[in-house]
file target_21.cif (mmCIF, C-alpha atoms)
data_entry
#
loop_
_atom_site.group_PDB
_atom_site.id
_atom_site.type_symbol
_atom_site.label_atom_id
_atom_site.label_comp_id
_atom_site.auth_asym_id
_atom_site.auth_seq_id
_atom_site.Cartn_x
_atom_site.Cartn_y
_atom_site.Cartn_z
ATOM 1 C CA MET A 25 30.073 23.418 44.067
ATOM 2 C CA HIS A 26 31.702 26.445 42.529
ATOM 3 C CA LYS A 27 35.007 25.990 40.678
ATOM 4 C CA TYR A 28 36.596 29.271 41.761
ATOM 5 C CA ASN A 29 39.145 29.522 44.586
ATOM 6 C CA ALA A 30 36.754 28.507 47.336
ATOM 7 C CA GLN A 31 37.374 27.149 50.813
ATOM 8 C CA TYR A 32 34.933 25.023 52.784
ATOM 9 C CA ALA A 33 34.082 23.782 56.248
ATOM 10 C CA THR A 34 31.231 21.333 55.679
ATOM 11 C CA ILE A 35 29.712 17.992 56.474
ATOM 12 C CA GLU A 36 28.567 15.798 53.596
ATOM 13 C CA VAL A 37 26.054 12.947 53.546
ATOM 14 C CA ASN A 38 25.680 10.507 50.652
ATOM 15 C CA GLY A 39 22.590 8.443 49.863
ATOM 16 C CA ASN A 40 19.189 9.096 48.295
ATOM 17 C CA PHE A 41 17.289 12.018 49.774
ATOM 18 C CA LEU A 42 14.104 13.987 49.276
ATOM 19 C CA GLY A 43 15.107 16.928 51.448
ATOM 20 C CA ALA A 44 17.284 18.445 54.145
ATOM 21 C CA GLN A 45 16.867 20.922 56.983
ATOM 22 C CA ALA A 46 18.814 22.652 59.743
ATOM 23 C CA LYS A 47 18.741 25.671 62.044
ATOM 24 C CA ILE A 48 21.572 28.065 61.161
ATOM 25 C CA ASN A 49 22.491 31.014 63.340
ATOM 26 C CA ILE A 50 23.190 34.261 61.498
ATOM 27 C CA TRP A 51 26.333 36.366 61.862
ATOM 28 C CA LYS A 52 27.817 39.250 59.881
ATOM 29 C CA PRO A 53 31.200 37.998 58.657
ATOM 30 C CA VAL A 54 33.643 40.556 57.281
ATOM 31 C CA THR A 55 34.699 40.126 53.653
ATOM 32 C CA GLU A 56 38.072 41.557 52.611
ATOM 33 C CA THR A 57 36.958 42.852 49.211
ATOM 34 C CA PRO A 58 33.569 43.424 47.536
ATOM 35 C CA SER A 59 34.307 40.574 45.115
ATOM 36 C CA GLU A 60 34.582 38.008 47.919
ATOM 37 C CA ILE A 61 31.676 36.225 49.588
ATOM 38 C CA SER A 62 30.949 34.379 52.806
ATOM 39 C CA VAL A 63 28.177 31.789 52.782
ATOM 40 C CA SER A 64 26.463 29.508 55.288
ATOM 41 C CA GLN A 65 24.114 27.164 53.522
ATOM 42 C CA ILE A 66 22.696 23.783 52.600
ATOM 43 C CA TRP A 67 23.580 22.205 49.261
ATOM 44 C CA VAL A 68 21.226 19.599 47.758
ATOM 45 C CA THR A 69 23.042 17.932 44.869
ATOM 46 C CA ALA A 70 22.938 15.091 42.357
ATOM 47 C CA GLY A 71 25.155 14.052 39.480
ATOM 48 C CA ASP A 72 28.928 14.153 38.970
ATOM 49 C CA ASP A 73 31.166 17.140 38.286
ATOM 50 C CA ASP A 74 30.452 17.061 34.540
ATOM 51 C CA VAL A 75 26.653 17.150 34.895
ATOM 52 C CA LYS A 76 25.855 18.275 38.410
ATOM 53 C CA ASN A 77 22.557 19.705 39.618
ATOM 54 C CA THR A 78 22.649 21.720 42.807
ATOM 55 C CA ILE A 79 20.165 23.673 44.892
ATOM 56 C CA GLU A 80 21.622 25.987 47.511
ATOM 57 C CA ALA A 81 19.892 27.935 50.261
ATOM 58 C CA GLY A 82 21.119 29.770 53.336
ATOM 59 C CA TRP A 83 22.562 33.170 54.172
ATOM 60 C CA ILE A 84 25.260 35.114 52.350
ATOM 61 C CA VAL A 85 27.332 38.292 52.585
ATOM 62 C CA ASN A 86 27.896 39.433 48.990
ATOM 63 C CA ASP A 87 28.842 43.102 48.584
ATOM 64 C CA TYR A 88 29.230 42.731 44.816
ATOM 65 C CA VAL A 89 25.585 41.740 44.337
ATOM 66 C CA TYR A 90 23.859 43.661 47.155
ATOM 67 C CA ASN A 91 26.172 46.705 47.478
ATOM 68 C CA ASP A 92 26.469 46.289 51.245
ATOM 69 C CA ASP A 93 27.903 43.966 53.877
ATOM 70 C CA GLN A 94 24.640 42.656 55.354
ATOM 71 C CA PRO A 95 23.833 38.932 55.610
ATOM 72 C CA ARG A 96 20.853 37.955 53.484
ATOM 73 C CA PHE A 97 18.789 34.838 52.843
ATOM 74 C CA PHE A 98 19.547 33.571 49.360
ATOM 75 C CA ILE A 99 18.818 30.706 46.970
ATOM 76 C CA PHE A 100 20.756 29.421 43.972
ATOM 77 C CA TRP A 101 20.456 26.577 41.483
ATOM 78 C CA THR A 102 22.228 25.191 38.363
ATOM 79 C CA ASP A 103 21.213 23.585 35.047
ATOM 80 C CA GLN A 104 18.183 25.483 33.839
ATOM 81 C CA ILE A 105 16.967 22.708 31.544
ATOM 82 C CA GLY A 106 13.918 20.630 31.435
ATOM 83 C CA GLY A 107 8.969 16.228 42.316
ATOM 84 C CA HIS A 108 9.371 19.875 43.121
ATOM 85 C CA TRP A 109 11.974 21.000 45.695
ATOM 86 C CA TRP A 110 10.311 23.276 48.238
ATOM 87 C CA VAL A 111 12.188 25.935 50.198
ATOM 88 C CA HIS A 112 10.972 26.649 53.744
ATOM 89 C CA LEU A 113 12.246 29.575 55.805
ATOM 90 C CA GLN A 114 11.437 29.366 59.529
ATOM 91 C CA GLY A 115 8.716 26.840 58.783
ATOM 92 C CA ILE A 116 7.065 28.922 56.047
ATOM 93 C CA ALA A 117 7.049 27.707 52.441
ATOM 94 C CA VAL A 118 8.567 30.542 50.384
ATOM 95 C CA GLY A 119 8.644 28.807 46.998
ATOM 96 C CA TYR A 120 9.875 25.775 45.109
ATOM 97 C CA TYR A 121 12.154 24.630 42.330
ATOM 98 C CA PRO A 122 10.071 22.704 39.759
ATOM 99 C CA SER A 123 11.531 19.336 38.781
ATOM 100 C CA SER A 124 11.569 20.455 35.138
ATOM 101 C CA LEU A 125 14.622 22.627 35.934
ATOM 102 C CA PHE A 126 16.819 19.616 36.520
ATOM 103 C CA THR A 127 18.128 16.473 34.888
ATOM 104 C CA LYS A 128 19.721 14.771 37.914
ATOM 105 C CA LEU A 129 17.666 16.348 40.714
ATOM 106 C CA SER A 130 14.290 15.618 39.138
ATOM 107 C CA LYS A 131 13.737 12.659 41.511
ATOM 108 C CA THR A 132 16.169 12.488 44.439
ATOM 109 C CA SER A 133 19.328 14.074 45.729
ATOM 110 C CA THR A 134 22.373 11.859 46.154
ATOM 111 C CA ARG A 135 24.383 14.204 48.370
ATOM 112 C CA ILE A 136 23.460 16.777 51.012
ATOM 113 C CA ILE A 137 26.071 19.267 52.233
ATOM 114 C CA PHE A 138 25.782 21.604 55.218
ATOM 115 C CA GLY A 139 28.264 24.293 56.208
ATOM 116 C CA GLY A 140 30.268 27.315 55.164
ATOM 117 C CA GLU A 141 32.042 28.528 52.045
ATOM 118 C CA ILE A 142 34.173 31.590 51.274
ATOM 119 C CA PHE A 143 35.867 32.911 48.153
ATOM 120 C CA ASN A 144 39.624 33.416 48.607
ATOM 121 C CA GLY A 145 40.566 36.180 46.162
ATOM 122 C CA LYS A 146 44.099 36.684 47.602
ATOM 123 C CA SER A 147 43.828 40.377 46.705
ATOM 124 C CA LYS A 148 46.877 41.230 48.866
ATOM 125 C CA GLY A 149 48.954 38.308 47.617
ATOM 126 C CA GLN A 150 48.102 36.233 50.676
ATOM 127 C CA HIS A 151 45.132 34.324 52.034
ATOM 128 C CA THR A 152 42.058 36.513 52.393
ATOM 129 C CA SER A 153 40.919 37.798 55.783
ATOM 130 C CA THR A 154 37.311 37.128 54.762
ATOM 131 C CA GLN A 155 35.579 35.512 57.705
ATOM 132 C CA MET A 156 33.451 32.386 57.627
ATOM 133 C CA GLY A 157 30.482 32.263 59.991
ATOM 134 C CA SER A 158 31.151 34.399 63.063
ATOM 135 C CA GLY A 159 34.845 34.703 62.244
ATOM 136 C CA HIS A 160 35.733 32.452 65.181
ATOM 137 C CA PHE A 161 37.057 28.890 65.127
ATOM 138 C CA PRO A 162 34.889 26.159 66.695
ATOM 139 C CA SER A 163 37.619 25.742 69.322
ATOM 140 C CA GLU A 164 37.079 29.310 70.544
ATOM 141 C CA GLY A 165 33.715 28.681 72.141
ATOM 142 C CA GLY A 166 30.144 27.541 71.871
ATOM 143 C CA LEU A 167 26.762 28.916 70.916
ATOM 144 C CA LYS A 168 27.476 32.597 71.607
ATOM 145 C CA ILE A 169 30.888 32.675 69.892
ATOM 146 C CA SER A 170 31.047 30.168 67.049
ATOM 147 C CA SER A 171 28.691 29.768 64.126
ATOM 148 C CA TYR A 172 26.647 26.605 64.194
ATOM 149 C CA PHE A 173 24.124 24.413 62.464
ATOM 150 C CA ASN A 174 21.831 22.449 64.764
ATOM 151 C CA TRP A 175 18.868 20.126 64.260
ATOM 152 C CA VAL A 176 20.597 18.979 61.074
ATOM 153 C CA GLN A 177 18.379 16.388 59.379
ATOM 154 C CA VAL A 178 17.810 14.724 56.028
ATOM 155 C CA VAL A 179 14.612 13.348 54.491
ATOM 156 C CA ASP A 180 15.003 9.838 53.087
ATOM 157 C CA GLU A 181 13.181 8.209 50.168
ATOM 158 C CA ASN A 182 10.373 7.127 52.504
ATOM 159 C CA TYR A 183 9.775 10.735 53.600
ATOM 160 C CA VAL A 184 11.269 9.980 57.019
ATOM 161 C CA THR A 185 13.136 12.904 58.585
ATOM 162 C CA LYS A 186 16.191 11.686 60.473
ATOM 163 C CA ASP A 187 19.719 12.513 61.589
ATOM 164 C CA PRO A 188 22.454 12.235 58.955
ATOM 165 C CA LYS A 189 24.468 9.002 59.005
ATOM 166 C CA ASN A 190 27.975 8.188 57.747
ATOM 167 C CA VAL A 191 28.855 11.871 57.700
ATOM 168 C CA GLU A 192 32.028 13.003 55.929
ATOM 169 C CA THR A 193 33.733 16.169 57.158
ATOM 170 C CA ARG A 194 35.354 18.439 54.567
ATOM 171 C CA VAL A 195 37.681 21.182 55.778
ATOM 172 C CA THR A 196 39.812 22.772 53.056
ATOM 173 C CA ASN A 197 42.378 24.299 55.453
ATOM 174 C CA SER A 198 41.833 23.986 59.208
ATOM 175 C CA ASP A 199 44.328 26.799 59.882
ATOM 176 C CA CYS A 200 41.902 29.191 58.156
ATOM 177 C CA TYR A 201 38.453 27.705 58.840
ATOM 178 C CA ASP A 202 37.500 24.626 60.807
ATOM 179 C CA LEU A 203 34.543 22.441 61.783
ATOM 180 C CA LYS A 204 33.723 20.410 64.891
ATOM 181 C CA VAL A 205 30.720 18.129 65.342
ATOM 182 C CA ASP A 206 28.880 18.938 68.600
ATOM 183 C CA ASP A 207 28.589 15.709 70.561
ATOM 184 C CA GLU A 208 27.676 17.373 73.867
ATOM 185 C CA ASN A 209 24.336 19.073 73.198
ATOM 186 C CA TYR A 210 22.395 16.481 71.208
ATOM 187 C CA ASP A 211 19.508 16.342 73.701
ATOM 188 C CA THR A 212 18.778 20.061 73.323
ATOM 189 C CA ASN A 213 20.090 20.884 69.832
ATOM 190 C CA GLY A 214 19.912 17.625 67.888
ATOM 191 C CA TYR A 215 22.718 16.725 65.486
ATOM 192 C CA GLY A 216 24.858 19.814 65.029
ATOM 193 C CA PHE A 217 28.283 21.268 64.432
ATOM 194 C CA TYR A 218 30.316 24.431 64.927
ATOM 195 C CA TYR A 219 32.247 25.856 61.989
ATOM 196 C CA GLY A 220 34.053 28.921 60.655
ATOM 197 C CA GLY A 221 37.142 30.994 61.231
ATOM 198 C CA PRO A 222 38.914 34.294 60.582
ATOM 199 C CA GLY A 223 40.797 33.505 57.395
ATOM 200 C CA TYR A 224 44.226 35.122 57.372
ATOM 201 C CA ASN A 225 46.192 34.657 60.611
ATOM 202 C CA GLU A 226 49.664 33.526 61.720
ATOM 203 C CA LYS A 227 49.049 29.974 60.487
ATOM 204 C CA CYS A 228 46.753 30.806 57.547
ATOM 205 C CA ARG A 229 48.784 32.696 55.005
#
call {"tool": "encode", "arguments": {"input": "target_21.cif", "output": "structure tokens"}}
result
Amino acid sequence: MHKYNAQYATIEVNGNFLGAQAKINIWKPVTETPSEISVSQIWVTAGDDDVKNTIEAGWIVNDYVYNDDQPRFFIFWTDQIGGHWWVHLQGIAVGYYPSSLFTKLSKTSTRIIFGGEIFNGKSKGQHTSTQMGSGHFPSEGGLKISSYFNWVQVVDENYVTKDPKNVETRVTNSDCYDLKVDDENYDTNGYGFYYGGPGYNEKCR
């Protein structure tokens, strides 16, 4: 993950994987300054912090790059050095990362991460008001209020698509952004979670 002043609300799964997928609803979070971003994505990673390969895909608000505040589908990867990793958007193959790009990700991923990330620039000397997801905490409501990932699945080494197991939750500061696994709608939405928040507020300074 990025080494700038980032904050996260994610779930993480460790193991050996050949892929990951989820349905992510799209919102238009407000970013405080053009240099800040708000991201909802899937990370596919391998390696440690010194030599880490990562593939990222999802949606992002990035005024600095796109010169507007619209959410856009994006992809990102690290380590441009010498199994392909395919990217599918709404069931359509839109391209792939050739294995020759990676050292650690050339065979399998060892960690899959799903969730949100923001950049906290503290431009006003306090926590940013940049929103994550819909800008609402998971505790504020369900599908029409909070951002969510549903049908979250990983692909194991035998090409079996299944729910994530032994999930670790990572929330940098729950007063600013939070995450809650959805245990009530599994039959209709599969494994899922709500996440996000407003950033700066009475408790998040």
call {"tool": "closest_residue", "arguments": {"input": "target_21.cif", "among": "A:Ile48, A:Leu203, A:Ile61, A:Ala117", "to": "Val89 in chain A", "atoms": "all atoms listed in the file"}}
result
A:Ile61
call {"tool": "closest_residue", "arguments": {"input": "target_21.cif", "among": "A:Pro95, A:Gly119, A:Gly216, A:Gly223", "to": "Lys146 in chain A", "atoms": "all atoms listed in the file"}}
result
A:Gly223
call {"tool": "resolve_selection", "arguments": {"input": "target_21.cif", "expression": "the PyMOL selection byres ((chain A and resi 36) around 6)", "output": "list in words"}}
result
Ile35, Val37, Ile136, Ile137, Val191 and Glu192 of chain A
call {"tool": "atom_distance", "arguments": {"input": "target_21.cif", "atom1": "CA of Thr57 in chain A", "atom2": "CA of Asp73 in chain A"}}
result
28.5 Å
call {"tool": "closest_residue", "arguments": {"input": "target_21.cif", "among": "A:Ile84, A:Leu42, A:Val75, A:Val205", "to": "Thr134 in chain A", "atoms": "all atoms listed in the file"}}
result
A:Leu42
call {"tool": "closest_residue", "arguments": {"input": "target_21.cif", "among": "A:Ile116, A:Cys228, A:Ile50, A:Val178", "to": "Thr196 in chain A", "atoms": "all atoms listed in the file"}}
result
A:Cys228
call {"tool": "resolve_selection", "arguments": {"input": "target_21.cif", "expression": "the PyMOL selection byres ((chain A and resi 63) around 7)", "output": "PyMOL selection string"}}
result
chain A and resi 61-62+64-65+83-85+140-142
call {"tool": "write_last_selection", "arguments": {"input": "target_21.cif", "atoms": "C-alpha atoms", "output": "mmCIF file, in the frame of the given file"}}
result
data_model
loop_
_atom_site.group_PDB
_atom_site.id
_atom_site.type_symbol
_atom_site.label_atom_id
_atom_site.label_comp_id
_atom_site.auth_asym_id
_atom_site.auth_seq_id
_atom_site.Cartn_x
_atom_site.Cartn_y
_atom_site.Cartn_z
ATOM 1 C CA ILE A 61 31.676 36.225 49.588
ATOM 2 C CA SER A 62 30.949 34.379 52.806
ATOM 3 C CA SER A 64 26.463 29.508 55.288
ATOM 4 C CA GLN A 65 24.114 27.164 53.522
ATOM 5 C CA TRP A 83 22.562 33.170 54.172
ATOM 6 C CA ILE A 84 25.260 35.114 52.350
ATOM 7 C CA VAL A 85 27.332 38.292 52.585
ATOM 8 C CA GLY A 140 30.268 27.315 55.164
ATOM 9 C CA GLU A 141 32.042 28.528 52.045
ATOM 10 C CA ILE A 142 34.173 31.590 51.274
#
call {"tool": "residues_around", "arguments": {"input": "target_21.cif", "residues": "Gln177 in chain A", "least_positions_apart": "2", "cutoff": "12 Å", "atoms": "all atoms listed in the file", "output": "PyMOL selection string"}}
result
chain A and resi 35-37+41-47+66+136-138+173-175+179-180+183-189+191+213-216
call {"tool": "atom_distance", "arguments": {"input": "target_21.cif", "atom1": "CA of Glu226 in chain A", "atom2": "CA of Asp199 in chain A"}}
result
8.8 Å
call {"tool": "atom_distance", "arguments": {"input": "target_21.cif", "atom1": "CA of Ser130 in chain A", "atom2": "CA of Trp101 in chain A"}}
result
12.8 Å
call {"tool": "closest_residue", "arguments": {"input": "target_21.cif", "among": "A:Lys168, A:His151, A:His160, A:Lys76", "to": "Thr127 in chain A", "atoms": "all atoms listed in the file"}}
result
A:Lys76
call {"tool": "closest_residue", "arguments": {"input": "target_21.cif", "among": "A:Lys131, A:Phe161, A:Gln94, A:Tyr172", "to": "Asp202 in chain A", "atoms": "only C-alpha atoms"}}
result
A:Phe161
call {"tool": "residues_around", "arguments": {"input": "target_21.cif", "residues": "Trp51 in chain A", "least_positions_apart": "3", "cutoff": "8 Å", "atoms": "all atoms listed in the file", "output": "MDAnalysis selection string"}}
result
chainID A and resid 95 157:158 171
call {"tool": "resolve_selection", "arguments": {"input": "target_21.cif", "expression": "the PyMOL selection byres ((chain A and resi 31) around 12)", "output": "PyMOL selection string"}}
result
chain A and resi 25-30+32-34+60-63+139-145+151-152+154-156+194-202+220-221+223
call {"tool": "residues_around", "arguments": {"input": "target_21.cif", "residues": "Val118 in chain A", "least_positions_apart": "2", "cutoff": "12 Å", "atoms": "all atoms listed in the file", "output": "number ranges by chain"}}
result
A: 81, 97-99, 109-116, 120-121
call {"tool": "build_atoms", "arguments": {"input": "target_21.cif", "residues": "range 155-168 of chain A", "atoms": "N, CA and C atoms", "output": "short mmCIF file (atom, residue, chain, number, x, y, z; two decimals), in the frame of the given file"}}
result
data_model
loop_
_atom_site.label_atom_id
_atom_site.label_comp_id
_atom_site.auth_asym_id
_atom_site.auth_seq_id
_atom_site.Cartn_x
_atom_site.Cartn_y
_atom_site.Cartn_z
N GLN A 155 35.98 36.41 56.63
CA GLN A 155 35.58 35.51 57.70
C GLN A 155 34.52 34.52 57.22
N MET A 156 34.52 33.35 57.84
CA MET A 156 33.45 32.39 57.63
C MET A 156 32.64 32.29 58.91
N GLY A 157 31.33 32.33 58.80
CA GLY A 157 30.48 32.26 59.99
C GLY A 157 30.66 33.49 60.86
N SER A 158 30.97 33.28 62.13
CA SER A 158 31.15 34.40 63.06
C SER A 158 32.56 34.96 63.01
N GLY A 159 33.45 34.29 62.27
CA GLY A 159 34.84 34.70 62.24
C GLY A 159 35.67 34.04 63.33
N HIS A 160 35.05 33.16 64.10
CA HIS A 160 35.73 32.45 65.18
C HIS A 160 35.80 30.96 64.86
N PHE A 161 36.92 30.33 65.27
CA PHE A 161 37.06 28.89 65.13
C PHE A 161 36.11 28.17 66.09
N PRO A 162 35.70 26.96 65.76
CA PRO A 162 34.89 26.16 66.69
C PRO A 162 35.56 25.99 68.05
N SER A 163 36.88 25.94 68.07
CA SER A 163 37.62 25.74 69.32
C SER A 163 37.57 26.95 70.24
N GLU A 164 37.10 28.09 69.74
CA GLU A 164 37.08 29.31 70.54
C GLU A 164 35.87 29.42 71.46
N GLY A 165 34.87 28.58 71.26
CA GLY A 165 33.72 28.68 72.14
C GLY A 165 32.50 28.00 71.58
N GLY A 166 31.38 28.22 72.23
CA GLY A 166 30.14 27.54 71.87
C GLY A 166 29.14 28.43 71.19
N LEU A 167 27.89 28.32 71.63
CA LEU A 167 26.76 28.92 70.92
C LEU A 167 26.84 30.42 70.76
N LYS A 168 27.45 31.14 71.69
CA LYS A 168 27.48 32.60 71.61
C LYS A 168 28.72 33.13 70.91
#
